[in-house]
file query11.tsv (TSV, C-alpha atoms)
chain	number	residue	atom	x	y	z
A	1446	MET	CA	22.29	9.83	0.42
A	1447	SER	CA	19.09	7.89	0.95
A	1448	SER	CA	16.33	8.47	-1.57
A	1449	PRO	CA	12.99	9.99	-0.58
A	1450	TYR	CA	11.39	6.87	-2.07
A	1451	LEU	CA	13.27	4.66	0.37
A	1452	ALA	CA	12.19	6.90	3.23
A	1453	GLN	CA	8.59	6.70	2.04
A	1454	ALA	CA	8.72	2.91	1.79
A	1455	GLN	CA	10.13	2.68	5.32
A	1456	ILE	CA	7.54	5.10	6.72
A	1457	ASN	CA	4.68	3.26	5.00
A	1458	CYS	CA	5.94	0.00	6.49
A	1459	ALA	CA	5.89	1.54	9.98
A	1460	ILE	CA	2.40	2.99	9.50
A	1461	ASN	CA	1.09	-0.31	8.15
A	1462	GLU	CA	2.53	-2.22	11.11
A	1463	ALA	CA	1.06	0.24	13.63
A	1464	TRP	CA	-2.37	0.21	12.02
A	1465	LEU	CA	-2.54	-3.56	11.61
A	1466	LYS	CA	-1.54	-4.02	15.26
A	1467	VAL	CA	-4.51	-1.87	16.35
A	1468	LEU	CA	-6.89	-3.45	13.86
A	1469	ALA	CA	-5.95	-6.94	15.08
A	1470	GLU	CA	-7.91	-6.09	18.26
A	1471	VAL	CA	-11.11	-5.38	16.29
A	1472	PRO	CA	-13.51	-8.22	15.45
A	1473	PHE	CA	-13.08	-9.26	11.82
A	1474	ALA	CA	-16.81	-8.88	11.13
A	1475	GLU	CA	-16.52	-5.20	12.05
A	1476	LEU	CA	-13.47	-4.72	9.82
A	1477	ASP	CA	-15.27	-6.37	6.92
A	1478	ALA	CA	-18.62	-4.61	7.43
A	1479	ASP	CA	-19.65	-2.68	4.34
A	1480	GLN	CA	-19.42	1.04	5.01
A	1481	GLY	CA	-20.23	2.22	1.52
A	1482	ALA	CA	-16.60	2.94	0.72
A	1483	PHE	CA	-15.26	2.34	-2.78
A	1484	PHE	CA	-13.83	-1.01	-1.68
A	1485	GLY	CA	-16.64	-1.61	0.80
A	1486	SER	CA	-14.97	-1.97	4.14
A	1487	ILE	CA	-11.82	-1.34	6.13
A	1488	PHE	CA	-10.64	-4.84	5.26
A	1489	GLY	CA	-11.64	-4.49	1.60
A	1490	THR	CA	-9.65	-1.27	1.36
A	1491	LEU	CA	-6.61	-2.82	3.06
A	1492	ASN	CA	-6.78	-5.63	0.50
A	1493	HIS	CA	-6.98	-3.12	-2.34
A	1494	ILE	CA	-3.86	-1.29	-1.16
A	1495	LEU	CA	-1.99	-4.60	-1.03
A	1496	LEU	CA	-3.25	-5.61	-4.47
A	1497	ALA	CA	-2.35	-2.26	-6.02
A	1498	ASP	CA	1.15	-2.40	-4.53
A	1499	ARG	CA	1.65	-5.89	-5.92
A	1500	ILE	CA	0.44	-4.78	-9.36
A	1501	TRP	CA	2.91	-1.88	-9.42
A	1502	ILE	CA	5.77	-3.99	-8.06
A	1503	SER	CA	5.17	-6.54	-10.82
A	1504	ARG	CA	5.23	-3.77	-13.43
A	1505	ILE	CA	8.44	-2.31	-12.00
A	1506	LEU	CA	10.08	-5.74	-12.02
A	1507	GLY	CA	8.66	-6.64	-15.43
A	1508	GLU	CA	7.04	-9.75	-13.99
A	1509	PRO	CA	3.50	-10.94	-14.70
A	1510	PHE	CA	0.80	-10.52	-12.07
A	1511	THR	CA	-2.71	-11.76	-12.70
A	1512	PHE	CA	-5.82	-10.22	-11.20
A	1513	ASN	CA	-9.40	-9.79	-12.29
A	1514	LYS	CA	-10.38	-6.45	-10.80
A	1515	LEU	CA	-9.00	-3.89	-8.36
A	1516	SER	CA	-11.33	-5.16	-5.65
A	1517	ASP	CA	-9.86	-8.70	-5.74
A	1518	ARG	CA	-9.03	-9.97	-2.29
A	1519	LEU	CA	-5.58	-11.44	-1.88
A	1520	CYS	CA	-6.27	-12.39	1.74
A	1521	GLY	CA	-9.25	-13.71	3.66
A	1522	SER	CA	-8.19	-12.75	7.17
A	1523	LEU	CA	-6.44	-9.85	8.85
A	1524	GLU	CA	-3.72	-12.21	10.04
A	1525	SER	CA	-2.86	-13.34	6.50
A	1526	LEU	CA	-3.10	-9.76	5.25
A	1527	ALA	CA	-0.63	-8.60	7.93
A	1528	VAL	CA	1.86	-11.26	6.79
A	1529	GLU	CA	1.44	-10.37	3.11
A	1530	ARG	CA	1.55	-6.64	3.85
A	1531	LYS	CA	4.87	-7.05	5.69
A	1532	LEU	CA	6.33	-9.11	2.83
A	1533	THR	CA	5.21	-6.52	0.29
A	1534	ASP	CA	6.58	-3.64	2.36
A	1535	GLU	CA	9.92	-5.46	2.58
A	1536	VAL	CA	9.97	-5.88	-1.21
A	1537	LEU	CA	9.28	-2.16	-1.67
A	1538	ILE	CA	12.05	-1.25	0.77
A	1539	ASP	CA	14.47	-3.63	-0.97
A	1540	LEU	CA	13.55	-2.19	-4.37
A	1541	MET	CA	14.11	1.36	-3.16
A	1542	GLU	CA	17.43	0.44	-1.52
A	1543	GLY	CA	18.70	-1.23	-4.66
A	1544	GLU	CA	17.43	1.21	-7.29
A	1545	GLN	CA	20.15	3.11	-9.11
A	1546	ASN	CA	18.03	5.06	-11.61
A	1547	PHE	CA	14.66	6.44	-10.53
A	1548	GLY	CA	14.37	8.17	-13.91
A	1549	ARG	CA	14.41	4.93	-15.89
A	1550	GLU	CA	11.40	4.15	-18.06
A	1551	ILE	CA	9.02	1.39	-17.01
A	1552	ALA	CA	6.94	-0.10	-19.84
A	1553	TYR	CA	3.73	-1.83	-18.79
A	1554	THR	CA	0.12	-2.40	-19.75
A	1555	ASN	CA	-2.69	-1.14	-17.56
A	1556	SER	CA	-5.62	-3.24	-16.38
A	1557	SER	CA	-7.45	-2.50	-19.64
A	1558	GLY	CA	-4.48	-3.71	-21.69
A	1559	ALA	CA	-3.32	-0.28	-22.89
A	1560	PRO	CA	0.47	0.10	-23.14
A	1561	PHE	CA	2.26	2.83	-21.22
A	1562	SER	CA	5.81	3.89	-20.45
A	1563	GLN	CA	6.64	6.20	-17.56
A	1564	PRO	CA	9.66	7.10	-15.47
A	1565	LEU	CA	9.91	4.99	-12.33
A	1566	GLN	CA	9.79	8.11	-10.15
A	1567	GLN	CA	6.31	8.99	-11.48
A	1568	ILE	CA	5.10	5.46	-10.74
A	1569	LEU	CA	6.50	5.62	-7.21
A	1570	ILE	CA	4.89	8.99	-6.55
A	1571	HIS	CA	1.57	7.44	-7.61
A	1572	LEU	CA	2.12	4.24	-5.61
A	1573	PHE	CA	2.84	6.07	-2.36
A	1574	ALA	CA	0.12	8.69	-2.91
A	1575	GLN	CA	-2.36	5.89	-3.58
A	1576	GLN	CA	-1.44	4.26	-0.27
A	1577	HIS	CA	-2.01	7.56	1.56
A	1578	HIS	CA	-5.29	8.19	-0.23
A	1579	HIS	CA	-6.74	4.83	0.74
A	1580	ARG	CA	-5.37	4.99	4.29
A	1581	GLY	CA	-7.28	8.26	4.56
A	1582	GLN	CA	-10.44	6.35	3.65
A	1583	ILE	CA	-9.60	3.70	6.24
A	1584	SER	CA	-8.98	6.41	8.84
A	1585	GLN	CA	-12.43	7.86	8.17
A	1586	MET	CA	-14.10	4.44	8.38
A	1587	CYS	CA	-12.29	3.76	11.66
A	1588	HIS	CA	-13.37	7.14	13.01
A	1589	GLU	CA	-16.99	6.37	12.11
A	1590	ARG	CA	-16.75	3.06	13.98
A	1591	GLY	CA	-14.94	4.47	17.01
A	1592	ILE	CA	-11.71	2.58	16.27
A	1593	PRO	CA	-8.76	4.68	17.56
A	1594	ILE	CA	-6.34	4.32	14.65
A	1595	PRO	CA	-2.82	5.79	15.04
A	1596	ASP	CA	-1.83	8.91	13.13
A	1597	GLY	CA	-1.23	8.06	9.48
A	1598	GLY	CA	0.70	11.20	8.66
A	1599	THR	CA	4.19	10.57	7.37
A	1600	ILE	CA	5.83	13.47	9.21
A	1601	ALA	CA	5.16	11.90	12.61
A	1602	TYR	CA	6.83	8.68	11.48
A	1603	ALA	CA	9.69	10.53	9.79
A	1604	ARG	CA	10.45	12.19	13.13
A	1605	LYS	CA	10.82	8.85	14.88
A	1606	PRO	CA	14.32	7.41	15.04
A	1607	GLN	CA	14.89	4.83	12.32
A	1608	ASN	CA	16.09	1.45	13.54

call {"tool": "encode", "arguments": {"input": "query11.tsv", "output": "structure tokens"}}
result
Amino acid sequence: MSSPYLAQAQINCAINEAWLKVLAEVPFAELDADQGAFFGSIFGTLNHILLADRIWISRILGEPFTFNKLSDRLCGSLESLAVERKLTDEVLIDLMEGEQNFGREIAYTNSSGAPFSQPLQQILIHLFAQQHHHRGQISQMCHERGIPIPDGGTIAYARKPQN
């Protein structure tokens, strides 16, 4: 049986691809215009989601990942972000496909250097909820700018046939 975490990783990949395809038609200056959001802009928020995913992946894998702050930009263009987003989504899917024990403990330090240990399943619930939370912010910013973003709800993507 496939895990719900694998399904979530696959759905998030599909949503990310659909959104980035639409956003590729929008001038970059509009995507990067400050809208007063926590990470400034649509593009700033997309970068944050990518950064946060990479931070959590590195913690899950026990590999170092260096960043200064949660608003660091990993990419300077939507094109490069789309490439990096796809690579990161593929890593998440591969991790979920290969995971044998979602209850295993993951030891890590947070961005302030405090040590923690949590079951992988709790981390994954946070990782996917965080993606949804910030996509909700992006959806609102797109709505305010008149950008017709596709539905970001997971149920619509879960209903689509998986390739």

call {"tool": "residues_around", "arguments": {"input": "query11.tsv", "residues": "Arg1518 in chain A", "least_positions_apart": "5", "cutoff": "8 Å", "atoms": "only C-alpha atoms", "output": "PyMOL selection string"}}
result
chain A and resi 1489+1492-1493+1496

call {"tool": "atom_distance", "arguments": {"input": "query11.tsv", "atom1": "CA of Lys1466 in chain A", "atom2": "CA of Asp1534 in chain A"}}
result
15.2 Å

call {"tool": "residues_around", "arguments": {"input": "query11.tsv", "residues": "Ala1454 in chain A", "least_positions_apart": "2", "cutoff": "9 Å", "atoms": "all atoms listed in the file", "output": "list in words"}}
result
Pro1449, Tyr1450, Leu1451, Ala1452, Ile1456, Asn1457, Cys1458, Ala1459, Asp1534, Glu1535, Leu1537, Ile1538, Met1541 and Phe1573 of chain A

call {"tool": "atom_distance", "arguments": {"input": "query11.tsv", "atom1": "CA of Phe1473 in chain A", "atom2": "CA of Ile1460 in chain A"}}
result
19.9 Å

call {"tool": "closest_residue", "arguments": {"input": "query11.tsv", "among": "A:Ser1522, A:Gln1563, A:Gln1455, A:Ser1556", "to": "Val1536 in chain A", "atoms": "all atoms listed in the file"}}
result
A:Gln1455

call {"tool": "atom_distance", "arguments": {"input": "query11.tsv", "atom1": "CA of Thr1554 in chain A", "atom2": "CA of Ala1527 in chain A"}}
result
28.4 Å

call {"tool": "closest_atom_pairs", "arguments": {"input": "query11.tsv", "of": "range 1529-1568 of chain A", "to": "range 1497-1504 of chain A", "cutoff": "8 Å", "atoms": "all atoms listed in the file", "output": "tab-separated table"}}
result
residue	atom	partner	partner_atom	distance
A:Thr1533	CA	A:Arg1499	CA	7.2
A:Leu1537	CA	A:Ile1502	CA	7.5
A:Ile1551	CA	A:Arg1504	CA	7.3
A:Ala1552	CA	A:Arg1504	CA	7.6
A:Tyr1553	CA	A:Arg1504	CA	5.9
A:Ile1568	CA	A:Trp1501	CA	7.8

call {"tool": "closest_residue", "arguments": {"input": "query11.tsv", "among": "A:Leu1532, A:Leu1506, A:Ala1482, A:Cys1520", "to": "Asn1461 in chain A", "atoms": "all atoms listed in the file"}}
result
A:Leu1532

call {"tool": "closest_residue", "arguments": {"input": "query11.tsv", "among": "A:Leu1491, A:Ala1474, A:Leu1540, A:Ile1505", "to": "Asp1517 in chain A", "atoms": "all atoms listed in the file"}}
result
A:Leu1491

call {"tool": "closest_residue", "arguments": {"input": "query11.tsv", "among": "A:Ala1574, A:Ile1487, A:Ala1559, A:Leu1526", "to": "Gly1598 in chain A", "atoms": "all atoms listed in the file"}}
result
A:Ala1574

call {"tool": "residues_around", "arguments": {"input": "query11.tsv", "residues": "Glu1589 in chain A", "least_positions_apart": "6", "cutoff": "12 Å", "atoms": "all atoms listed in the file", "output": "MDAnalysis selection string"}}
result
chainID A and resid 1475:1476 1480:1482 1486:1487 1582:1583

call {"tool": "closest_residue", "arguments": {"input": "query11.tsv", "among": "A:Thr1490, A:Gly1591, A:Asn1513, A:Asp1477", "to": "Gln1575 in chain A", "atoms": "only C-alpha atoms"}}
result
A:Thr1490

call {"tool": "build_atoms", "arguments": {"input": "query11.tsv", "residues": "range 1474-1485 of chain A", "atoms": "all heavy atoms", "output": "CSV table (one decimal), in the frame of the given file"}}
result
chain,number,residue,atom,x,y,z
A,1474,ALA,N,-15.5,-9.2,11.7
A,1474,ALA,CA,-16.8,-8.9,11.1
A,1474,ALA,C,-17.0,-7.4,11.1
A,1474,ALA,O,-17.6,-6.8,10.1
A,1474,ALA,CB,-17.9,-9.5,11.9
A,1475,GLU,N,-16.4,-6.7,12.1
A,1475,GLU,CA,-16.5,-5.2,12.0
A,1475,GLU,C,-15.6,-4.6,11.0
A,1475,GLU,O,-15.9,-3.7,10.3
A,1475,GLU,CB,-16.2,-4.6,13.4
A,1475,GLU,CG,-16.4,-3.1,13.5
A,1475,GLU,CD,-16.3,-2.6,14.9
A,1475,GLU,OE1,-16.3,-3.4,15.9
A,1475,GLU,OE2,-16.3,-1.4,15.1
A,1476,LEU,N,-14.4,-5.2,10.8
A,1476,LEU,CA,-13.5,-4.7,9.8
A,1476,LEU,C,-14.0,-5.0,8.4
A,1476,LEU,O,-13.7,-4.2,7.5
A,1476,LEU,CB,-12.1,-5.4,10.0
A,1476,LEU,CG,-11.3,-5.1,11.2
A,1476,LEU,CD1,-10.1,-6.0,11.3
A,1476,LEU,CD2,-11.0,-3.7,11.4
A,1477,ASP,N,-14.8,-6.0,8.3
A,1477,ASP,CA,-15.3,-6.4,6.9
A,1477,ASP,C,-16.7,-5.9,6.7
A,1477,ASP,O,-17.3,-6.2,5.6
A,1477,ASP,CB,-15.2,-7.9,6.7
A,1477,ASP,CG,-15.1,-8.3,5.2
A,1477,ASP,OD1,-14.6,-7.4,4.4
A,1477,ASP,OD2,-15.5,-9.4,4.9
A,1478,ALA,N,-17.3,-5.1,7.6
A,1478,ALA,CA,-18.6,-4.6,7.4
A,1478,ALA,C,-18.6,-3.5,6.4
A,1478,ALA,O,-17.8,-2.6,6.4
A,1478,ALA,CB,-19.1,-4.0,8.8
A,1479,ASP,N,-19.5,-3.7,5.4
A,1479,ASP,CA,-19.6,-2.7,4.3
A,1479,ASP,C,-20.0,-1.3,4.9
A,1479,ASP,O,-21.0,-1.2,5.6
A,1479,ASP,CB,-20.7,-3.1,3.3
A,1479,ASP,CG,-20.7,-2.3,2.1
A,1479,ASP,OD1,-20.2,-1.2,2.1
A,1479,ASP,OD2,-21.1,-2.8,1.0
A,1480,GLN,N,-19.2,-0.3,4.6
A,1480,GLN,CA,-19.4,1.0,5.0
A,1480,GLN,C,-19.7,2.0,3.8
A,1480,GLN,O,-19.6,3.2,4.0
A,1480,GLN,CB,-18.2,1.5,5.8
A,1480,GLN,CG,-18.1,0.8,7.2
A,1480,GLN,CD,-17.0,1.4,8.0
A,1480,GLN,OE1,-16.0,0.8,8.3
A,1480,GLN,NE2,-17.2,2.7,8.5
A,1481,GLY,N,-20.0,1.4,2.7
A,1481,GLY,CA,-20.2,2.2,1.5
A,1481,GLY,C,-19.0,2.9,0.9
A,1481,GLY,O,-19.1,3.7,0.0
A,1482,ALA,N,-17.8,2.4,1.3
A,1482,ALA,CA,-16.6,2.9,0.7
A,1482,ALA,C,-16.4,2.3,-0.6
A,1482,ALA,O,-17.0,1.3,-1.0
A,1482,ALA,CB,-15.4,2.6,1.6
A,1483,PHE,N,-15.5,2.8,-1.4
A,1483,PHE,CA,-15.3,2.3,-2.8
A,1483,PHE,C,-14.9,0.9,-2.8
A,1483,PHE,O,-15.4,0.1,-3.6
A,1483,PHE,CB,-14.2,3.1,-3.5
A,1483,PHE,CG,-14.2,3.0,-5.0
A,1483,PHE,CD1,-15.0,3.7,-5.8
A,1483,PHE,CD2,-13.3,2.1,-5.6
A,1483,PHE,CE1,-15.1,3.5,-7.1
A,1483,PHE,CE2,-13.3,1.9,-6.9
A,1483,PHE,CZ,-14.2,2.6,-7.7
A,1484,PHE,N,-14.2,0.4,-1.8
A,1484,PHE,CA,-13.8,-1.0,-1.7
A,1484,PHE,C,-14.6,-1.7,-0.5
A,1484,PHE,O,-14.2,-2.7,0.0
A,1484,PHE,CB,-12.3,-1.2,-1.6
A,1484,PHE,CG,-11.6,-0.8,-2.9
A,1484,PHE,CD1,-11.0,0.4,-2.9
A,1484,PHE,CD2,-11.7,-1.6,-4.0
A,1484,PHE,CE1,-10.4,0.8,-4.1
A,1484,PHE,CE2,-11.1,-1.2,-5.2
A,1484,PHE,CZ,-10.5,0.0,-5.3
A,1485,GLY,N,-15.7,-1.0,-0.2
A,1485,GLY,CA,-16.6,-1.6,0.8
A,1485,GLY,C,-16.3,-1.4,2.3
A,1485,GLY,O,-17.1,-0.7,2.9
